[in-house]
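Inspection log for the structure reproduced underneath, given as structure tokens.
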Amino acid sequence: MNKGHRELLGPGRLVLNVRSRSGPSALRFETAEGGRLLLRQGERPVLLGRAEGDGCCRDLALHRLDDYRSPLPPVRCAETRGRTDWTHRYARLLEEAADGPLHEGRWRLTRRSVFAPGIWTQDFVDGWPGGSLELYCGGGWHGVLPLRRLSPSDAPRVKAHRKRVRDGTAAPVLLWWVTFLDGWLILDGHDRAVAALAEGAVPECVELARVGDEEHWRREADALTGAHEQRME
């Protein structure tokens with residue numbers, strides 16, 4: 001597989017220009033009549049949705065299945081002890097993934113640890129398998145949706161991650177910003193997210209987002225690069 005070109009935008013920020021990958025991605029949304037929605041991973045459906053209500057204020061009723069698989073391999077303990085550049089590491093692993101969301105075009109990966117109030121509390125969908133998102137009222141939903149069942153906060157794996165959260169060595173959660181949902185899906189790091197929340201912290205994250213058209217992206221890239229150069233000076 002050909003590697004995509006990377007544009008560096010300063011610490012923890014890059015744009016990955018994915019090339020030679022025609023057709024839809026393995027992890028993709030599909031829509032149908034009647035406000036129905038499907039998230040598919042390969043041939044496996046992992047999320048079903050249906051819009052409810054009329055006018056600008058509509059809810060999206062969800063049902064998730066137990067078939068989602070992270071596109072990233074498990075994080076090794078040795079990686080959390082070193083100075084891993086997680087943005088570059090996740091970019092490389094997503095390029096290599098056979099069942100991730102990347103398709104041809106530009107994708108931005110950004111380290112993120114600050115979120116608006118309520119995103120990881122009121123708008124964090126911690127129930128399973130159902131859920132409901134308010135998509136179109138008051139600026140949209142703007143929350144976080146797990147793609148697999150969350151482990152209890154006292155599960156052995158979560159306890160191990162909680163220790164890493166306390167000592168600052170936990171790998172970041174990988175989020176996918178989905179524009180039409182106005183929110184994020186957790187692609188990788190469900191147990192790490194639970195661990196951070198159990199410790200009273202906001203999870204450290206890497207955000208994956210699709211970049212818009214060339215003109216819009218070039219304006220954004222120039223502004224980000226200029227800001228980084230000013231900070232370095």
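Ordered as shown in the structure tokens, chains take letters A, B, and onward, while each chain numbers its residues from 1 and ligands are numbered from 1 in the order shown.
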- Message: For His161 in chain A, find every residue with an atom within 6 Å (counting only C-alpha atoms), except residues of its own chain fewer than 2 positions away, and show them as a list in words.
- Response: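 Counting only C-alpha atoms, the residues come to Val158, Lys159, Lys163, Arg164, Arg192 and Ala195 of chain A.
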- Message: Which of range 14-90 of chain A end up as strand (DSSP E or B) when DSSP is run on this backbone - answer as a ChimeraX atom specification?
- Response: /A:14-18,27-32,36-41,44-52,59-64
- Task: Once DSSP has gone over the backbone, tell me which residues of range 7-218 of chain A are in alpha helix (DSSP H), as a PyMOL selection string.
- Result: chain A and resi 77-81+86-96+156-167+190-198+214-218
Go ahead and save the residues from that selection, with N, CA and C atoms, as a compact mmCIF listing (two decimals), in the first residue's frame.
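Output saved as result-v2.txt:
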```
# COMPACT_ATOMS: atom_id res chain seq x y z
N CYS A 77 2.95 -2.29 26.39
CA CYS A 77 3.36 -1.58 27.61
C CYS A 77 4.61 -0.75 27.37
N ALA A 78 5.55 -1.28 26.57
CA ALA A 78 6.80 -0.56 26.32
C ALA A 78 6.55 0.78 25.63
N GLU A 79 5.50 0.85 24.81
CA GLU A 79 5.21 2.10 24.11
C GLU A 79 4.77 3.20 25.07
N THR A 80 4.10 2.85 26.15
CA THR A 80 3.62 3.86 27.08
C THR A 80 4.73 4.38 27.98
N ARG A 81 5.87 3.68 28.03
CA ARG A 81 6.96 4.12 28.89
C ARG A 81 7.90 5.09 28.17
N TRP A 86 2.34 9.93 19.45
CA TRP A 86 1.11 9.18 19.19
C TRP A 86 0.41 9.64 17.93
N THR A 87 0.52 10.92 17.59
CA THR A 87 -0.15 11.39 16.37
C THR A 87 0.43 10.69 15.14
N HIS A 88 1.75 10.64 15.05
CA HIS A 88 2.38 9.96 13.91
C HIS A 88 2.15 8.46 13.97
N ARG A 89 2.19 7.90 15.17
CA ARG A 89 1.98 6.45 15.28
C ARG A 89 0.57 6.07 14.83
N TYR A 90 -0.44 6.81 15.29
CA TYR A 90 -1.81 6.50 14.88
C TYR A 90 -2.00 6.73 13.39
N ALA A 91 -1.34 7.75 12.83
CA ALA A 91 -1.44 7.98 11.39
C ALA A 91 -0.91 6.77 10.62
N ARG A 92 0.24 6.26 11.04
CA ARG A 92 0.82 5.11 10.34
C ARG A 92 -0.06 3.87 10.49
N LEU A 93 -0.57 3.64 11.70
CA LEU A 93 -1.40 2.45 11.91
C LEU A 93 -2.72 2.54 11.15
N LEU A 94 -3.29 3.73 11.05
CA LEU A 94 -4.52 3.90 10.29
C LEU A 94 -4.28 3.66 8.80
N GLU A 95 -3.11 4.10 8.31
CA GLU A 95 -2.77 3.82 6.91
C GLU A 95 -2.69 2.32 6.64
N GLU A 96 -2.16 1.59 7.61
CA GLU A 96 -1.96 0.15 7.44
C GLU A 96 -3.22 -0.66 7.73
N PRO A 156 -10.06 -5.56 35.51
CA PRO A 156 -8.60 -5.60 35.59
C PRO A 156 -7.90 -4.72 34.56
N ARG A 157 -8.34 -4.76 33.31
CA ARG A 157 -7.68 -3.95 32.28
C ARG A 157 -7.87 -2.46 32.56
N VAL A 158 -9.05 -2.08 33.00
CA VAL A 158 -9.28 -0.67 33.31
C VAL A 158 -8.43 -0.23 34.49
N LYS A 159 -8.29 -1.10 35.50
CA LYS A 159 -7.44 -0.76 36.64
C LYS A 159 -6.01 -0.50 36.20
N ALA A 160 -5.50 -1.32 35.28
CA ALA A 160 -4.14 -1.10 34.78
C ALA A 160 -4.02 0.24 34.07
N HIS A 161 -5.03 0.59 33.28
CA HIS A 161 -5.01 1.88 32.60
C HIS A 161 -5.17 3.03 33.58
N ARG A 162 -5.91 2.84 34.66
CA ARG A 162 -6.08 3.90 35.65
C ARG A 162 -4.74 4.27 36.27
N LYS A 163 -3.90 3.28 36.51
CA LYS A 163 -2.56 3.56 37.04
C LYS A 163 -1.77 4.41 36.05
N ARG A 164 -1.87 4.09 34.75
CA ARG A 164 -1.15 4.88 33.75
C ARG A 164 -1.72 6.29 33.63
N VAL A 165 -3.03 6.43 33.81
CA VAL A 165 -3.62 7.77 33.81
C VAL A 165 -3.02 8.60 34.94
N ARG A 166 -2.90 7.99 36.12
CA ARG A 166 -2.38 8.71 37.28
C ARG A 166 -0.92 9.13 37.09
N ASP A 167 -0.12 8.27 36.44
CA ASP A 167 1.29 8.64 36.26
C ASP A 167 1.58 9.29 34.91
N HIS A 190 -11.32 2.35 24.29
CA HIS A 190 -12.51 2.40 25.13
C HIS A 190 -12.15 2.22 26.61
N ASP A 191 -11.30 1.25 26.92
CA ASP A 191 -10.90 1.03 28.32
C ASP A 191 -10.10 2.21 28.86
N ARG A 192 -9.28 2.84 28.01
CA ARG A 192 -8.51 4.00 28.45
C ARG A 192 -9.43 5.18 28.74
N ALA A 193 -10.49 5.32 27.96
CA ALA A 193 -11.46 6.39 28.23
C ALA A 193 -12.15 6.16 29.57
N VAL A 194 -12.60 4.92 29.82
CA VAL A 194 -13.23 4.59 31.09
C VAL A 194 -12.28 4.86 32.25
N ALA A 195 -11.01 4.49 32.08
CA ALA A 195 -10.02 4.69 33.14
C ALA A 195 -9.85 6.16 33.46
N ALA A 196 -9.72 6.99 32.44
CA ALA A 196 -9.54 8.43 32.68
C ALA A 196 -10.75 9.02 33.38
N LEU A 197 -11.94 8.66 32.94
CA LEU A 197 -13.16 9.19 33.56
C LEU A 197 -13.28 8.71 35.00
N ALA A 198 -12.89 7.46 35.27
CA ALA A 198 -12.94 6.94 36.64
C ALA A 198 -11.98 7.67 37.55
N GLU A 214 -9.69 21.82 -1.13
CA GLU A 214 -8.31 22.32 -1.19
C GLU A 214 -8.21 23.77 -0.71
N GLU A 215 -9.09 24.64 -1.18
CA GLU A 215 -9.00 26.06 -0.82
C GLU A 215 -9.21 26.25 0.68
N HIS A 216 -10.26 25.61 1.21
CA HIS A 216 -10.54 25.72 2.65
C HIS A 216 -9.39 25.15 3.46
N TRP A 217 -8.87 23.99 3.05
CA TRP A 217 -7.78 23.39 3.80
C TRP A 217 -6.52 24.24 3.74
N ARG A 218 -6.21 24.84 2.58
CA ARG A 218 -4.99 25.62 2.48
C ARG A 218 -5.04 26.84 3.40
```
- Task: Could you give me, as a PyMOL selection string, the residues within 10 Å of Gly35 in chain A, counting only C-alpha atoms and dropping anything in the same chain fewer than 2 positions from it?
- Result: chain A and resi 31-33+37+49-52+60
With N, CA and C atoms retained, write the just-selected residues as a CSV table (one decimal), in the first residue's frame.
```
chain,number,residue,atom,x,y,z
A,31,THR,N,-26.5,5.4,4.2
A,31,THR,CA,-27.9,5.9,4.5
A,31,THR,C,-28.9,5.3,3.6
A,32,ALA,N,-30.2,5.4,4.0
A,32,ALA,CA,-31.3,4.8,3.3
A,32,ALA,C,-32.5,5.7,3.5
A,33,GLU,N,-33.6,5.4,2.8
A,33,GLU,CA,-34.8,6.3,2.9
A,33,GLU,C,-35.4,6.1,4.3
A,37,LEU,N,-29.9,4.9,9.0
A,37,LEU,CA,-28.4,5.0,9.0
A,37,LEU,C,-27.8,3.7,9.4
A,49,GLY,N,-29.1,3.2,12.9
A,49,GLY,CA,-29.7,4.4,13.4
A,49,GLY,C,-31.0,4.7,12.6
A,50,ARG,N,-31.9,5.5,13.3
A,50,ARG,CA,-33.1,6.0,12.6
A,50,ARG,C,-33.5,7.3,13.2
A,51,ALA,N,-33.6,8.3,12.3
A,51,ALA,CA,-34.0,9.6,12.7
A,51,ALA,C,-35.5,9.6,13.1
A,52,GLU,N,-35.8,10.3,14.2
A,52,GLU,CA,-37.1,10.5,14.7
A,52,GLU,C,-37.4,11.9,15.0
A,60,LEU,N,-31.7,11.0,16.8
A,60,LEU,CA,-31.2,9.8,16.1
A,60,LEU,C,-31.2,8.6,17.1
```
With a distance cut-off of 8 Å and only C-alpha atoms, select the neighbouring residues of range 110-119 of chain A, excluding the residue or stretch itself and same-chain residues fewer than 3 positions from it, and output the selection as a tab-separated table (two decimals) with C-alpha atoms, in the first residue's frame.
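Listing of result_33.tsv after writing:
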```tsv
chain	number	residue	atom	x	y	z
A	12	GLY	CA	0.75	16.93	17.84
A	13	ARG	CA	-0.81	18.06	14.54
A	14	LEU	CA	-0.48	16.69	11.03
A	87	THR	CA	-0.15	11.39	16.37
A	122	GLN	CA	-23.94	14.52	29.78
A	123	ASP	CA	-23.20	13.84	26.09
A	124	PHE	CA	-21.11	10.71	26.61
A	142	HIS	CA	-21.50	17.35	20.11
A	143	GLY	CA	-20.84	14.27	22.24
A	144	VAL	CA	-18.84	11.02	22.29
A	202	VAL	CA	-10.78	14.14	30.68
A	203	PRO	CA	-9.24	11.47	28.41
A	204	GLU	CA	-6.17	12.47	26.43
A	205	CYS	CA	-7.12	12.00	22.78
A	206	VAL	CA	-5.98	12.05	19.18
A	207	GLU	CA	-8.76	13.37	16.96
A	208	LEU	CA	-9.14	12.13	13.38
```
- Using CA of Leu133 in chain A and CA of Asp182 in chain A as the two end points, give the distance in Å to one decimal. 9.8 Å
